[in-house]
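Heads up: the structure comes next, in structure tokens.
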Amino acid sequence: MKARVELVKGDMFEGPSDLMVIPCSTVPTITWFVAEHLRSFGIPEPRNQMSPGDVEFVDLGRASNIAQVAAMAASVIPPGKSSLQIIERIGNKLGSYAADNSWIGQISCPLLGTGAGNLEATQAARALVAGYFSTAPESAILRIFVLEDRVFERIRDVLVRELDRQFPEDIDGVAAADRPVRVFISYANSSAQHQNWVK
């Protein structure tokens, strides 16, 4: 068995996860798109200066409806550059954190380094996956979110081809049909008896 990766077309803020990766610069600064989402979910902005590829893990407390922990990932060096080594280092740290915290089943991560970092999308995805695979446990899934259709298709084709070559017997990765199902249950708290029944 091996660590698993899933490519998702969409916005990582649309669904819950155990660990959410927040892209930032080393300063740290974030894009307006990320800033708007952090504000809407009550997630704090990154505050500490970091070295390229550093990841700071923050317990979200109040924002636990979207994720239990945020990983502030320094993927860009201002004014606008990144490297494949930086992205691979972040993937490595995400995998290590999941290995050290067995409760993590799902990590939501945007395609790091491709916006302000100006990296080519398929290369950035390869670097992130390589770093993650080097340390991650089989119990955690790294879900890489991509917003644009054409970019998603291009990355999917490359990752499927490469993962199939690496693991010909079992391509869990990009099209993971056997990934654990996540269920969110919402209910109105009416009595202690009702609370016990829900538990």
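Naming works like this for the structure tokens: A, B, ... for the chains as they're shown, residue 1 at the start of each chain, ligands 1 onward in shown order.
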
**OP:** Quick one: everything within 8 Å of Ala74 (chain A), counting only C-alpha atoms, minus sequence neighbours fewer than 3 positions away in the same chain. Send it as a ChimeraX atom specification.
**Re:** /A:23-26,28,50-55,77

**OP:** Name all residues at most 7 Å from region 124-130 of chain A (count only C-alpha atoms; drop same-chain ones fewer than 5 positions away) and give them as a PyMOL selection string.
**Re:** chain A and resi 84+87-88+91+111-114+119

Only N, CA, C and O atoms, please: the residues just picked out, written as a short mmCIF file (atom, residue, chain, number, x, y, z; two decimals), in the first residue's frame.
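Wrote it out as out-v8.cif, contents follow:
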```
data_model
loop_
_atom_site.label_atom_id
_atom_site.label_comp_id
_atom_site.auth_asym_id
_atom_site.auth_seq_id
_atom_site.Cartn_x
_atom_site.Cartn_y
_atom_site.Cartn_z
N LEU A 84 10.57 24.31 -7.76
CA LEU A 84 10.04 22.96 -7.57
C LEU A 84 10.55 22.37 -6.26
O LEU A 84 9.85 21.60 -5.61
N ILE A 87 8.23 23.54 -3.47
CA ILE A 87 6.94 22.83 -3.49
C ILE A 87 7.12 21.39 -3.00
O ILE A 87 6.32 20.88 -2.22
N GLU A 88 8.21 20.75 -3.40
CA GLU A 88 8.47 19.38 -2.94
C GLU A 88 8.71 19.35 -1.44
O GLU A 88 8.24 18.44 -0.74
N GLY A 91 5.35 19.50 0.25
CA GLY A 91 4.70 18.18 0.16
C GLY A 91 5.27 17.21 1.17
O GLY A 91 4.54 16.47 1.83
N LEU A 111 -3.03 23.99 -5.82
CA LEU A 111 -1.84 23.70 -6.62
C LEU A 111 -0.82 24.81 -6.34
O LEU A 111 -0.85 25.88 -6.93
N LEU A 112 0.07 24.54 -5.41
CA LEU A 112 1.02 25.54 -4.91
C LEU A 112 2.04 25.97 -5.96
O LEU A 112 2.49 25.16 -6.77
N GLY A 113 2.40 27.26 -5.91
CA GLY A 113 3.49 27.79 -6.73
C GLY A 113 3.11 28.18 -8.14
O GLY A 113 3.93 28.71 -8.88
N THR A 114 1.86 27.96 -8.55
CA THR A 114 1.48 28.20 -9.94
C THR A 114 0.85 29.57 -10.17
O THR A 114 0.73 30.00 -11.31
N LEU A 119 5.15 28.96 -11.44
CA LEU A 119 5.61 27.64 -11.87
C LEU A 119 4.63 27.03 -12.87
O LEU A 119 3.43 27.31 -12.83
#
```

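Secondary structure from DSSP on the backbone puts alpha helix (DSSP H) at the following positions of region 37-90 of chain A: His37, Leu38, Arg39, Ser40, Phe41, Leu84, Gln85, Ile86, Ile87, Glu88, Arg89 and Ile90 of chain A.
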
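Contact shell of Ser102 (chain A) at 10 Å (only C-alpha atoms; same-chain neighbours under 4 positions omitted): A:Tyr97, A:Ala98, A:Pro137, A:Ser139, A:Ala140.
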
**OP:** Using DSSP on the backbone coordinates, identify the residues of region 65-164 of chain A assigned to strand (DSSP E); present them as a PyMOL selection string.
**Re:** chain A and resi 69-76+106-110+141-146

If you keep all heavy atoms, can you produce a file of those selected residues as a short mmCIF file (atom, residue, chain, number, x, y, z; two decimals), in the first residue's frame?
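For reference, part.cif as written:
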```cif
data_model
loop_
_atom_site.label_atom_id
_atom_site.label_comp_id
_atom_site.auth_asym_id
_atom_site.auth_seq_id
_atom_site.Cartn_x
_atom_site.Cartn_y
_atom_site.Cartn_z
N VAL A 69 -7.05 21.81 11.27
CA VAL A 69 -5.73 22.44 11.28
C VAL A 69 -5.49 23.12 9.94
O VAL A 69 -5.88 22.60 8.89
CB VAL A 69 -4.62 21.39 11.54
CG1 VAL A 69 -3.23 21.99 11.43
CG2 VAL A 69 -4.80 20.75 12.91
N ALA A 70 -4.84 24.29 9.99
CA ALA A 70 -4.38 24.95 8.76
C ALA A 70 -2.88 24.82 8.69
O ALA A 70 -2.18 24.89 9.70
CB ALA A 70 -4.78 26.43 8.78
N ALA A 71 -2.39 24.60 7.49
CA ALA A 71 -0.95 24.54 7.25
C ALA A 71 -0.57 25.77 6.43
O ALA A 71 -0.90 25.85 5.25
CB ALA A 71 -0.59 23.27 6.50
N MET A 72 0.05 26.75 7.06
CA MET A 72 0.49 27.96 6.37
C MET A 72 1.77 27.60 5.62
O MET A 72 2.81 27.33 6.24
CB MET A 72 0.75 29.10 7.36
CG MET A 72 -0.39 29.37 8.32
SD MET A 72 -1.90 29.87 7.46
CE MET A 72 -3.00 30.14 8.84
N ALA A 73 1.70 27.53 4.30
CA ALA A 73 2.81 27.02 3.48
C ALA A 73 3.47 28.15 2.70
O ALA A 73 2.85 28.74 1.81
CB ALA A 73 2.29 25.95 2.53
N ALA A 74 4.73 28.43 3.00
CA ALA A 74 5.48 29.50 2.34
C ALA A 74 5.96 29.01 0.97
O ALA A 74 7.08 28.53 0.81
CB ALA A 74 6.65 29.94 3.21
N SER A 75 5.08 29.16 -0.03
CA SER A 75 5.35 28.61 -1.35
C SER A 75 5.90 29.64 -2.34
O SER A 75 6.29 29.28 -3.44
CB SER A 75 4.08 27.98 -1.93
OG SER A 75 3.03 28.91 -1.97
N VAL A 76 5.92 30.92 -1.94
CA VAL A 76 6.35 31.98 -2.85
C VAL A 76 7.34 32.91 -2.16
O VAL A 76 7.16 33.27 -0.99
CB VAL A 76 5.14 32.81 -3.34
CG1 VAL A 76 5.57 33.98 -4.21
CG2 VAL A 76 4.17 31.92 -4.11
N GLN A 106 -7.67 13.41 5.49
CA GLN A 106 -7.78 14.16 4.24
C GLN A 106 -7.08 15.51 4.37
O GLN A 106 -7.34 16.27 5.30
CB GLN A 106 -9.24 14.37 3.90
CG GLN A 106 -9.47 15.12 2.61
CD GLN A 106 -10.94 15.19 2.28
OE1 GLN A 106 -11.58 14.16 2.09
NE2 GLN A 106 -11.48 16.38 2.22
N ILE A 107 -6.22 15.79 3.41
CA ILE A 107 -5.52 17.08 3.33
C ILE A 107 -5.99 17.78 2.07
O ILE A 107 -5.91 17.23 0.97
CB ILE A 107 -3.99 16.87 3.27
CG1 ILE A 107 -3.49 16.10 4.49
CG2 ILE A 107 -3.27 18.20 3.12
CD1 ILE A 107 -2.06 15.63 4.40
N SER A 108 -6.48 19.01 2.21
CA SER A 108 -6.91 19.81 1.06
C SER A 108 -5.83 20.83 0.75
O SER A 108 -5.42 21.59 1.63
CB SER A 108 -8.23 20.53 1.35
OG SER A 108 -9.27 19.59 1.48
N CYS A 109 -5.38 20.87 -0.51
CA CYS A 109 -4.26 21.71 -0.88
C CYS A 109 -4.48 22.30 -2.27
O CYS A 109 -4.80 21.56 -3.21
CB CYS A 109 -2.97 20.87 -0.87
SG CYS A 109 -1.46 21.78 -1.21
N PRO A 110 -4.29 23.61 -2.44
CA PRO A 110 -4.34 24.16 -3.79
C PRO A 110 -3.07 23.77 -4.54
O PRO A 110 -2.12 23.27 -3.93
CB PRO A 110 -4.40 25.67 -3.54
CG PRO A 110 -3.66 25.85 -2.26
CD PRO A 110 -3.97 24.63 -1.43
N ILE A 141 -5.03 11.06 2.51
CA ILE A 141 -5.16 11.41 1.10
C ILE A 141 -4.83 12.89 0.94
O ILE A 141 -5.38 13.74 1.64
CB ILE A 141 -6.59 11.17 0.59
CG1 ILE A 141 -6.97 9.71 0.72
CG2 ILE A 141 -6.74 11.64 -0.85
CD1 ILE A 141 -8.43 9.44 0.41
N LEU A 142 -3.93 13.19 0.01
CA LEU A 142 -3.66 14.58 -0.36
C LEU A 142 -4.57 14.90 -1.54
O LEU A 142 -4.45 14.30 -2.61
CB LEU A 142 -2.19 14.75 -0.77
CG LEU A 142 -1.82 16.13 -1.31
CD1 LEU A 142 -1.97 17.20 -0.23
CD2 LEU A 142 -0.42 16.13 -1.89
N ARG A 143 -5.50 15.82 -1.33
CA ARG A 143 -6.41 16.25 -2.39
C ARG A 143 -5.90 17.58 -2.93
O ARG A 143 -5.88 18.58 -2.22
CB ARG A 143 -7.83 16.39 -1.86
CG ARG A 143 -8.36 15.08 -1.29
CD ARG A 143 -9.80 15.22 -0.83
NE ARG A 143 -10.67 15.10 -2.00
CZ ARG A 143 -11.85 15.71 -2.11
NH1 ARG A 143 -12.29 16.50 -1.16
NH2 ARG A 143 -12.58 15.55 -3.18
N ILE A 144 -5.46 17.58 -4.20
CA ILE A 144 -4.93 18.78 -4.85
C ILE A 144 -6.05 19.43 -5.65
O ILE A 144 -6.61 18.81 -6.56
CB ILE A 144 -3.75 18.43 -5.76
CG1 ILE A 144 -2.65 17.71 -4.98
CG2 ILE A 144 -3.20 19.70 -6.43
CD1 ILE A 144 -1.53 17.16 -5.84
N PHE A 145 -6.37 20.67 -5.31
CA PHE A 145 -7.47 21.38 -5.95
C PHE A 145 -6.97 22.30 -7.06
O PHE A 145 -6.03 23.07 -6.86
CB PHE A 145 -8.25 22.19 -4.90
CG PHE A 145 -9.10 21.34 -4.01
CD1 PHE A 145 -8.53 20.64 -2.95
CD2 PHE A 145 -10.45 21.21 -4.23
CE1 PHE A 145 -9.30 19.84 -2.12
CE2 PHE A 145 -11.24 20.41 -3.42
CZ PHE A 145 -10.66 19.73 -2.36
N VAL A 146 -7.64 22.21 -8.21
CA VAL A 146 -7.31 23.02 -9.38
C VAL A 146 -8.59 23.68 -9.85
O VAL A 146 -9.63 23.01 -9.98
CB VAL A 146 -6.71 22.14 -10.50
CG1 VAL A 146 -6.39 22.97 -11.72
CG2 VAL A 146 -5.48 21.41 -9.99
#
```

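Taking only C-alpha atoms into account, Asp11 (chain A) lies nearest to A:Leu147 out of the set A:Leu147, A:Ala99, A:Phe33, A:Ser83.
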
**OP:** Please identify all polymer residues within 10 Å of Gly115 (chain A), counting only C-alpha atoms, omitting same-chain residues fewer than 5 positions from it, and present them as a PyMOL selection string.
**Re:** chain A and resi 23+31+76+80-82+120-121

Original post:
Any idea what the distance is between CA of Arg4 (chain A) and CA of Leu60 (chain A)?
Top reply: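 Those two atoms sit 24.5 Å apart.
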
Subject >> All residues 6 Å or closer to Ala136 (chain A), only C-alpha atoms, same chain fewer than 3 positions away omitted, as a PyMOL selection string >> reply: chain A and resi 3+95-96+99+132-133

**OP:** Write out as a PyMOL selection string the residues lying within 12 Å of Ser40 (chain A), counting only C-alpha atoms and excluding same-chain residues fewer than 4 positions away.
**Re:** chain A and resi 13-14+33-36+44-45+62-63+65-66

Subject >> Distance query Gln68 (chain A) at most 7 Å, only C-alpha atoms, self and fewer than 2 positions along chain excluded, as JSON, numbers by chain >> reply: {"A": [18, 19, 59, 60, 61, 64]}

Expected file contents, prior selection, C-alpha atoms, as a short mmCIF file (atom, residue, chain, number, x, y, z; two decimals), in the first residue's frame:
```cif
data_model
loop_
_atom_site.label_atom_id
_atom_site.label_comp_id
_atom_site.auth_asym_id
_atom_site.auth_seq_id
_atom_site.Cartn_x
_atom_site.Cartn_y
_atom_site.Cartn_z
CA ASP A 18 -8.80 17.52 8.41
CA LEU A 19 -5.92 19.73 7.25
CA ASP A 59 -5.06 24.63 15.24
CA LEU A 60 -8.22 26.28 13.89
CA GLY A 61 -10.54 25.88 16.88
CA SER A 64 -13.10 23.57 12.68
#
```
